[in-house]
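Colleague: My structure is stored as structure37.txt, with compact mmCIF, N, CA and C atoms.
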```
# COMPACT_ATOMS: atom_id res chain seq x y z
N MET A 1 16.60 107.56 -100.41
CA MET A 1 15.63 107.87 -101.44
C MET A 1 15.58 106.70 -102.43
N ILE A 2 14.39 106.46 -102.94
CA ILE A 2 14.15 105.41 -103.91
C ILE A 2 13.63 106.07 -105.19
N GLU A 3 14.17 105.67 -106.32
CA GLU A 3 13.68 106.17 -107.59
C GLU A 3 13.19 105.00 -108.43
N GLY A 4 12.14 105.24 -109.19
CA GLY A 4 11.57 104.22 -110.04
C GLY A 4 11.03 104.83 -111.31
N TYR A 5 10.09 104.14 -111.91
CA TYR A 5 9.58 104.56 -113.21
C TYR A 5 8.08 104.27 -113.30
N VAL A 6 7.45 104.89 -114.27
CA VAL A 6 6.05 104.61 -114.60
C VAL A 6 6.09 103.72 -115.85
N ASN A 7 5.51 102.52 -115.75
CA ASN A 7 5.59 101.57 -116.86
C ASN A 7 4.55 101.89 -117.95
N GLU A 8 4.52 101.05 -118.97
CA GLU A 8 3.61 101.26 -120.11
C GLU A 8 2.13 101.20 -119.70
N ALA A 9 1.83 100.47 -118.62
CA ALA A 9 0.45 100.37 -118.13
C ALA A 9 0.12 101.52 -117.16
N LEU A 10 1.02 102.51 -117.09
CA LEU A 10 0.89 103.68 -116.21
C LEU A 10 0.91 103.33 -114.72
N GLU A 11 1.62 102.25 -114.38
CA GLU A 11 1.79 101.84 -112.98
C GLU A 11 3.14 102.36 -112.48
N PRO A 12 3.15 103.01 -111.31
CA PRO A 12 4.42 103.42 -110.72
C PRO A 12 5.14 102.19 -110.15
N VAL A 13 6.41 102.04 -110.49
CA VAL A 13 7.17 100.85 -110.11
C VAL A 13 8.50 101.25 -109.47
N VAL A 14 8.84 100.58 -108.36
CA VAL A 14 10.16 100.71 -107.74
C VAL A 14 10.68 99.31 -107.45
N GLU A 15 11.95 99.21 -107.11
CA GLU A 15 12.52 97.91 -106.78
C GLU A 15 12.60 97.74 -105.27
N ILE A 16 12.33 96.50 -104.82
CA ILE A 16 12.51 96.13 -103.42
C ILE A 16 13.36 94.87 -103.39
N GLY A 17 13.93 94.59 -102.25
CA GLY A 17 14.72 93.38 -102.08
C GLY A 17 13.99 92.39 -101.20
N LEU A 18 13.95 91.12 -101.61
CA LEU A 18 13.37 90.05 -100.81
C LEU A 18 14.51 89.33 -100.11
N LYS A 19 14.41 89.18 -98.77
CA LYS A 19 15.48 88.53 -98.02
C LYS A 19 15.14 87.09 -97.71
N CYS A 20 16.10 86.21 -98.01
CA CYS A 20 15.99 84.79 -97.67
C CYS A 20 17.37 84.39 -97.15
N GLY A 21 17.51 84.32 -95.83
CA GLY A 21 18.83 84.12 -95.24
C GLY A 21 19.68 85.34 -95.54
N ASP A 22 20.88 85.10 -96.07
CA ASP A 22 21.77 86.21 -96.42
C ASP A 22 21.55 86.72 -97.84
N ALA A 23 20.73 86.00 -98.61
CA ALA A 23 20.50 86.37 -100.01
C ALA A 23 19.41 87.43 -100.13
N ILE A 24 19.60 88.32 -101.10
CA ILE A 24 18.59 89.34 -101.41
C ILE A 24 18.29 89.26 -102.90
N THR A 25 17.01 89.09 -103.23
CA THR A 25 16.57 89.08 -104.63
C THR A 25 15.83 90.38 -104.89
N VAL A 26 16.30 91.16 -105.84
CA VAL A 26 15.68 92.45 -106.17
C VAL A 26 14.61 92.22 -107.22
N ILE A 27 13.39 92.73 -106.93
CA ILE A 27 12.26 92.56 -107.85
C ILE A 27 11.53 93.89 -108.02
N PRO A 28 10.79 94.04 -109.12
CA PRO A 28 9.96 95.23 -109.28
C PRO A 28 8.68 95.11 -108.46
N ALA A 29 8.22 96.23 -107.94
CA ALA A 29 6.97 96.27 -107.16
C ALA A 29 6.18 97.50 -107.56
N VAL A 30 4.88 97.30 -107.77
CA VAL A 30 3.99 98.40 -108.12
C VAL A 30 3.60 99.16 -106.85
N VAL A 31 3.73 100.47 -106.89
CA VAL A 31 3.31 101.33 -105.78
C VAL A 31 1.79 101.43 -105.84
N ASP A 32 1.12 100.94 -104.79
CA ASP A 32 -0.35 100.91 -104.75
C ASP A 32 -0.84 101.57 -103.47
N THR A 33 -1.10 102.88 -103.54
CA THR A 33 -1.54 103.61 -102.35
C THR A 33 -2.97 103.26 -101.95
N GLY A 34 -3.69 102.54 -102.81
CA GLY A 34 -5.03 102.06 -102.47
C GLY A 34 -5.00 100.78 -101.65
N PHE A 35 -3.83 100.18 -101.52
CA PHE A 35 -3.62 98.99 -100.70
C PHE A 35 -3.04 99.45 -99.38
N SER A 36 -3.75 99.22 -98.29
CA SER A 36 -3.32 99.76 -97.00
C SER A 36 -2.27 98.90 -96.30
N GLY A 37 -2.00 97.71 -96.82
CA GLY A 37 -1.00 96.82 -96.21
C GLY A 37 0.41 97.19 -96.62
N TYR A 38 1.32 96.25 -96.36
CA TYR A 38 2.73 96.46 -96.68
C TYR A 38 3.11 95.86 -98.04
N LEU A 39 2.94 94.53 -98.16
CA LEU A 39 3.43 93.83 -99.34
C LEU A 39 2.46 92.75 -99.77
N CYS A 40 2.07 92.79 -101.02
CA CYS A 40 1.26 91.75 -101.64
C CYS A 40 2.17 91.10 -102.68
N LEU A 41 2.71 89.95 -102.33
CA LEU A 41 3.77 89.31 -103.09
C LEU A 41 3.24 88.33 -104.12
N ALA A 42 3.65 88.50 -105.37
CA ALA A 42 3.29 87.55 -106.43
C ALA A 42 3.86 86.18 -106.05
N GLU A 43 3.04 85.14 -106.15
CA GLU A 43 3.43 83.79 -105.71
C GLU A 43 4.69 83.28 -106.39
N ARG A 44 5.00 83.79 -107.57
CA ARG A 44 6.20 83.31 -108.27
C ARG A 44 7.48 83.65 -107.51
N TRP A 45 7.40 84.57 -106.55
CA TRP A 45 8.57 84.97 -105.76
C TRP A 45 8.62 84.30 -104.39
N ILE A 46 7.71 83.38 -104.10
CA ILE A 46 7.56 82.82 -102.76
C ILE A 46 8.86 82.18 -102.23
N ASP A 47 9.65 81.58 -103.10
CA ASP A 47 10.88 80.93 -102.66
C ASP A 47 12.02 81.91 -102.41
N GLU A 48 11.80 83.17 -102.74
CA GLU A 48 12.85 84.18 -102.58
C GLU A 48 12.72 84.97 -101.27
N LEU A 49 11.67 84.70 -100.49
CA LEU A 49 11.44 85.43 -99.25
C LEU A 49 11.20 84.46 -98.11
N GLU A 50 12.01 84.57 -97.08
CA GLU A 50 11.82 83.76 -95.89
C GLU A 50 10.64 84.33 -95.11
N MET A 51 9.60 83.50 -94.90
CA MET A 51 8.38 84.00 -94.26
C MET A 51 7.92 83.04 -93.18
N THR A 52 7.21 83.61 -92.21
CA THR A 52 6.54 82.80 -91.19
C THR A 52 5.06 83.18 -91.16
N PHE A 53 4.20 82.18 -91.00
CA PHE A 53 2.76 82.42 -90.94
C PHE A 53 2.43 83.17 -89.66
N GLU A 54 1.56 84.17 -89.75
CA GLU A 54 1.14 84.95 -88.59
C GLU A 54 -0.34 84.72 -88.26
N TYR A 55 -1.24 84.96 -89.23
CA TYR A 55 -2.68 84.85 -88.99
C TYR A 55 -3.43 84.95 -90.31
N ALA A 56 -4.73 84.72 -90.29
CA ALA A 56 -5.59 84.92 -91.46
C ALA A 56 -6.38 86.21 -91.25
N GLU A 57 -6.55 86.99 -92.32
CA GLU A 57 -7.23 88.28 -92.19
C GLU A 57 -8.19 88.49 -93.35
N PRO A 58 -9.40 89.03 -93.06
CA PRO A 58 -10.34 89.33 -94.14
C PRO A 58 -9.94 90.63 -94.85
N TYR A 59 -10.16 90.66 -96.16
CA TYR A 59 -9.90 91.84 -96.98
C TYR A 59 -11.10 92.11 -97.85
N GLU A 60 -11.27 93.39 -98.20
CA GLU A 60 -12.29 93.75 -99.18
C GLU A 60 -11.57 94.29 -100.41
N LEU A 61 -11.83 93.68 -101.55
CA LEU A 61 -11.21 94.09 -102.81
C LEU A 61 -11.91 95.32 -103.37
N ALA A 62 -11.29 95.94 -104.36
CA ALA A 62 -11.85 97.15 -104.96
C ALA A 62 -13.24 96.92 -105.54
N ASN A 63 -13.54 95.69 -105.97
CA ASN A 63 -14.86 95.39 -106.55
C ASN A 63 -15.89 95.03 -105.49
N GLY A 64 -15.52 95.13 -104.21
CA GLY A 64 -16.44 94.84 -103.11
C GLY A 64 -16.40 93.40 -102.63
N GLU A 65 -15.70 92.53 -103.36
CA GLU A 65 -15.60 91.13 -102.95
C GLU A 65 -14.81 91.02 -101.65
N ARG A 66 -15.29 90.18 -100.75
CA ARG A 66 -14.60 89.96 -99.47
C ARG A 66 -13.89 88.60 -99.53
N ILE A 67 -12.62 88.61 -99.17
CA ILE A 67 -11.81 87.40 -99.18
C ILE A 67 -11.03 87.31 -97.88
N THR A 68 -10.53 86.13 -97.57
CA THR A 68 -9.65 85.95 -96.43
C THR A 68 -8.31 85.45 -96.95
N ARG A 69 -7.23 86.05 -96.47
CA ARG A 69 -5.89 85.67 -96.91
C ARG A 69 -5.01 85.41 -95.70
N ASP A 70 -4.10 84.46 -95.86
CA ASP A 70 -3.08 84.23 -94.83
C ASP A 70 -2.10 85.39 -94.86
N VAL A 71 -1.68 85.81 -93.66
CA VAL A 71 -0.70 86.89 -93.53
C VAL A 71 0.58 86.28 -92.96
N PHE A 72 1.68 86.59 -93.61
CA PHE A 72 2.99 86.10 -93.20
C PHE A 72 3.85 87.28 -92.76
N ARG A 73 4.96 87.01 -92.11
CA ARG A 73 5.96 88.04 -91.78
C ARG A 73 7.22 87.70 -92.54
N GLY A 74 7.83 88.73 -93.12
CA GLY A 74 9.08 88.56 -93.84
C GLY A 74 9.88 89.84 -93.78
N VAL A 75 11.12 89.76 -94.21
CA VAL A 75 12.00 90.93 -94.20
C VAL A 75 12.31 91.32 -95.64
N ILE A 76 12.12 92.60 -95.93
CA ILE A 76 12.46 93.12 -97.25
C ILE A 76 13.49 94.23 -97.09
N ARG A 77 14.18 94.53 -98.18
CA ARG A 77 15.08 95.68 -98.23
C ARG A 77 14.33 96.79 -98.95
N PHE A 78 14.12 97.90 -98.23
CA PHE A 78 13.40 99.06 -98.76
C PHE A 78 14.14 100.30 -98.33
N ASP A 79 14.48 101.16 -99.25
CA ASP A 79 15.23 102.38 -98.96
C ASP A 79 16.55 102.05 -98.25
N SER A 80 17.23 101.03 -98.73
CA SER A 80 18.54 100.58 -98.22
C SER A 80 18.50 100.07 -96.79
N GLN A 81 17.31 99.78 -96.27
CA GLN A 81 17.18 99.27 -94.90
C GLN A 81 16.33 98.01 -94.90
N ASP A 82 16.67 97.09 -94.00
CA ASP A 82 15.85 95.90 -93.83
C ASP A 82 14.64 96.25 -92.97
N GLN A 83 13.46 95.82 -93.43
CA GLN A 83 12.22 96.09 -92.70
C GLN A 83 11.40 94.82 -92.61
N GLU A 84 10.93 94.51 -91.41
CA GLU A 84 10.04 93.38 -91.22
C GLU A 84 8.63 93.85 -91.55
N VAL A 85 7.95 93.11 -92.44
CA VAL A 85 6.65 93.54 -92.94
C VAL A 85 5.67 92.39 -92.98
N ASP A 86 4.38 92.73 -92.98
CA ASP A 86 3.32 91.75 -93.24
C ASP A 86 3.28 91.48 -94.74
N VAL A 87 3.07 90.22 -95.08
CA VAL A 87 3.07 89.80 -96.48
C VAL A 87 1.82 88.97 -96.75
N ILE A 88 1.10 89.31 -97.81
CA ILE A 88 0.05 88.42 -98.30
C ILE A 88 0.47 88.00 -99.71
N LEU A 89 0.01 86.83 -100.13
CA LEU A 89 0.39 86.29 -101.43
C LEU A 89 -0.73 86.50 -102.43
N THR A 90 -0.36 86.65 -103.70
CA THR A 90 -1.33 86.83 -104.76
C THR A 90 -0.95 85.99 -105.97
N ALA A 91 -1.96 85.53 -106.69
CA ALA A 91 -1.73 84.80 -107.93
C ALA A 91 -1.42 85.75 -109.08
N SER A 92 -1.54 87.04 -108.86
CA SER A 92 -1.24 88.05 -109.88
C SER A 92 0.23 88.00 -110.26
N ASP A 93 0.55 88.51 -111.45
CA ASP A 93 1.95 88.62 -111.86
C ASP A 93 2.66 89.76 -111.14
N ASP A 94 1.88 90.74 -110.65
CA ASP A 94 2.45 91.94 -110.04
C ASP A 94 2.58 91.80 -108.52
N THR A 95 3.70 92.28 -108.01
CA THR A 95 3.89 92.46 -106.58
C THR A 95 3.53 93.90 -106.26
N LEU A 96 2.76 94.10 -105.19
CA LEU A 96 2.33 95.44 -104.79
C LEU A 96 2.95 95.84 -103.47
N ILE A 97 3.35 97.09 -103.35
CA ILE A 97 3.71 97.64 -102.04
C ILE A 97 2.69 98.70 -101.70
N GLY A 98 2.23 98.67 -100.44
CA GLY A 98 1.11 99.51 -100.04
C GLY A 98 1.46 100.62 -99.08
N ALA A 99 0.42 101.34 -98.70
CA ALA A 99 0.54 102.57 -97.92
C ALA A 99 1.24 102.39 -96.57
N SER A 100 1.10 101.22 -95.94
CA SER A 100 1.76 101.02 -94.65
C SER A 100 3.28 101.14 -94.77
N LEU A 101 3.82 100.76 -95.91
CA LEU A 101 5.27 100.85 -96.12
C LEU A 101 5.72 102.30 -96.30
N PHE A 102 4.79 103.19 -96.65
CA PHE A 102 5.15 104.57 -96.96
C PHE A 102 5.01 105.52 -95.77
N ARG A 103 4.70 105.00 -94.60
CA ARG A 103 4.61 105.88 -93.41
C ARG A 103 5.95 106.59 -93.24
N GLY A 104 5.90 107.89 -93.09
CA GLY A 104 7.13 108.66 -92.93
C GLY A 104 7.82 109.00 -94.23
N TYR A 105 7.19 108.68 -95.35
CA TYR A 105 7.77 108.95 -96.66
C TYR A 105 6.90 109.89 -97.47
N LYS A 106 7.53 110.57 -98.40
CA LYS A 106 6.84 111.38 -99.40
C LYS A 106 6.93 110.60 -100.71
N VAL A 107 5.78 110.34 -101.33
CA VAL A 107 5.73 109.59 -102.59
C VAL A 107 5.34 110.57 -103.70
N ALA A 108 6.18 110.68 -104.72
CA ALA A 108 5.90 111.56 -105.85
C ALA A 108 5.92 110.75 -107.13
N ILE A 109 4.85 110.87 -107.91
CA ILE A 109 4.74 110.18 -109.19
C ILE A 109 4.57 111.25 -110.26
N ASP A 110 5.54 111.33 -111.16
CA ASP A 110 5.52 112.29 -112.25
C ASP A 110 5.20 111.52 -113.53
N TYR A 111 3.93 111.53 -113.91
CA TYR A 111 3.51 110.78 -115.10
C TYR A 111 4.07 111.38 -116.38
N ALA A 112 4.24 112.69 -116.42
CA ALA A 112 4.77 113.33 -117.63
C ALA A 112 6.19 112.86 -117.92
N ARG A 113 6.99 112.73 -116.88
CA ARG A 113 8.38 112.30 -117.04
C ARG A 113 8.57 110.80 -116.79
N ARG A 114 7.46 110.13 -116.41
CA ARG A 114 7.47 108.68 -116.13
C ARG A 114 8.49 108.34 -115.05
N HIS A 115 8.44 109.12 -113.97
CA HIS A 115 9.41 108.99 -112.89
C HIS A 115 8.69 108.86 -111.54
N VAL A 116 9.23 108.01 -110.68
CA VAL A 116 8.72 107.81 -109.32
C VAL A 116 9.85 108.13 -108.34
N ARG A 117 9.50 108.85 -107.28
CA ARG A 117 10.48 109.20 -106.26
C ARG A 117 9.84 109.01 -104.89
N ILE A 118 10.50 108.25 -104.04
CA ILE A 118 10.03 108.03 -102.67
C ILE A 118 11.18 108.43 -101.74
N GLU A 119 10.89 109.40 -100.88
CA GLU A 119 11.93 109.87 -99.97
C GLU A 119 11.37 110.11 -98.58
N ARG A 120 12.24 110.00 -97.61
CA ARG A 120 11.80 110.22 -96.23
C ARG A 120 11.26 111.63 -96.09
N GLY A 121 10.09 111.71 -95.41
CA GLY A 121 9.48 113.02 -95.17
C GLY A 121 10.21 113.74 -94.05
N ARG A 122 10.03 115.02 -94.03
CA ARG A 122 10.62 115.82 -92.96
C ARG A 122 9.64 115.92 -91.83
N THR A 123 10.14 115.79 -90.62
CA THR A 123 9.28 115.91 -89.43
C THR A 123 9.53 117.25 -88.77
N GLY A 124 8.51 117.70 -88.04
CA GLY A 124 8.66 118.93 -87.28
C GLY A 124 8.20 120.07 -88.01
```
What would the structure in this file look like if it were written as structure tokens?
Modeller:
Amino acid sequence: MIEGYVNEALEPVVEIGLKCGDAITVIPAVVDTGFSGYLCLAERWIDELEMTFEYAEPYELANGERITRDVFRGVIRFDSQDQEVDVILTASDDTLIGASLFRGYKVAIDYARRHVRIERGRTG
């Protein structure tokens, strides 16, 4: 289970680990269920994650703008497990984790208590 918080901007935030060799750098990441990918990494963290280029992919932003971004593969620590994920880079200050990372999980955001909880869903 992962626990986090709702920040002053009302964004749900949890921590993830970026793997580079044996090192893990823990950073805050905004939970963005409107982002269907895995990880949109703020460029300031680029040296903290070992990545390999995979391909270029077109995206449509919330404002309708269409862009193309390079997609990389990297390993992050999420829910105490290492997971290989697709990574796109952003000039934004915020790192986003998206819906693909939440497959098999239940995501609960309690704005009244400013608490975020992500736990494995029950199957069957």
Colleague: Within 9 Å of (-1.5, 98.0, -93.6) (coordinates as in the file), grab all the protein and nucleic acid residues, counting only C-alpha atoms, and write them out as a VMD selection string.
Modeller: chain A and resid 35 to 39 86 98 to 101
Colleague: Considering all atoms listed in the file, can you say which of A:Cys20, A:Met1, A:Asp82, A:Arg117 comes closest to A:Asp47?
Modeller: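 Looking at the shortest contact to A:Asp47, the residue is A:Cys20.
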Colleague: Could you check which of A:Glu54, A:Glu11, A:Glu84, A:Asp22 is closest to A:Phe72, using only N, CA and C atoms?
Modeller: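 The closest residue to A:Phe72 is A:Glu54.
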Colleague: Using all atoms listed in the file, which of the listed residues (A:Arg114, A:Arg120, A:Glu57, A:Gln81) sits closest to A:Asn7?
Modeller: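 Among the listed residues, A:Arg114 lies closest to A:Asn7.
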Colleague: Would you pick out the contacts of A:Glu50 at 9 Å or less, using only C-alpha atoms, so that residues sharing its chain but fewer than 2 positions from it are not included, and give the list as JSON, numbers by chain?
Modeller: {"A": [18, 19, 20, 21, 46, 47, 48, 52, 73, 74, 75]}
Colleague: For A:Val71, find every residue with an atom within 5 Å (counting all atoms listed in the file), except residues of its own chain fewer than 5 positions away, and show them as a list in words.
Modeller: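 Counting all atoms listed in the file, the residues come to Phe53, Glu54, Tyr55, Ala56 and Val87 of chain A.
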Colleague: With only C-alpha atoms as the counted atoms, please give the residues lying no more than 6 Å from A:Pro12, apart from itself and same-chain residues fewer than 4 positions off, as a PyMOL selection string.
Modeller: chain A and resi 5-6+30-31
Colleague: What is the atom N of A:Val13 to atom CA of A:Ile109 distance in Å?
Modeller: 8.4 Å
Colleague: With only C-alpha atoms as the basis for distance, which of A:Val116, A:Gly34, A:Ile97, A:Gly121 is at the shortest distance from A:Leu61?
Modeller: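 Under the stated criterion, the closest residue is A:Gly34.
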Colleague: At a cut-off of 5 Å, using all atoms listed in the file, what residues contact stretch 88-90 of chain A? Leave out same-chain residues fewer than 6 positions from it and give the result as a list in words.
Modeller: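 Contacts, in chain order: Leu39, Cys40, Leu41, Ala42 and Glu43 of chain A.
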Colleague: Using atom N of A:Leu49 and atom C of A:Arg103 as the two end points, give the distance in Å to one decimal.
Modeller: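 Pair atom N of A:Leu49 / atom C of A:Arg103 returns 23.8 Å.
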Colleague: If you measure from atom C of A:Pro28 to atom C of A:Tyr105, what distance in Å do you get, rounded to one decimal?
Modeller: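 Value for the atom C of A:Pro28-atom C of A:Tyr105 distance: 18.5 Å.
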Colleague: Using only C-alpha atoms, which residue out of A:Phe78, A:His115, A:Val107, A:Asp93 lies closest to A:Ile24?
Modeller: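 Of all the options, A:Phe78 lies closest to A:Ile24.
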Colleague: Could you pull out the strand (DSSP E) residues of stretch 26-98 of chain A from DSSP and send them as a VMD selection string?
Modeller: chain A and resid 26 to 32 39 to 42 51 to 60 66 to 78 81 to 90 96 to 98
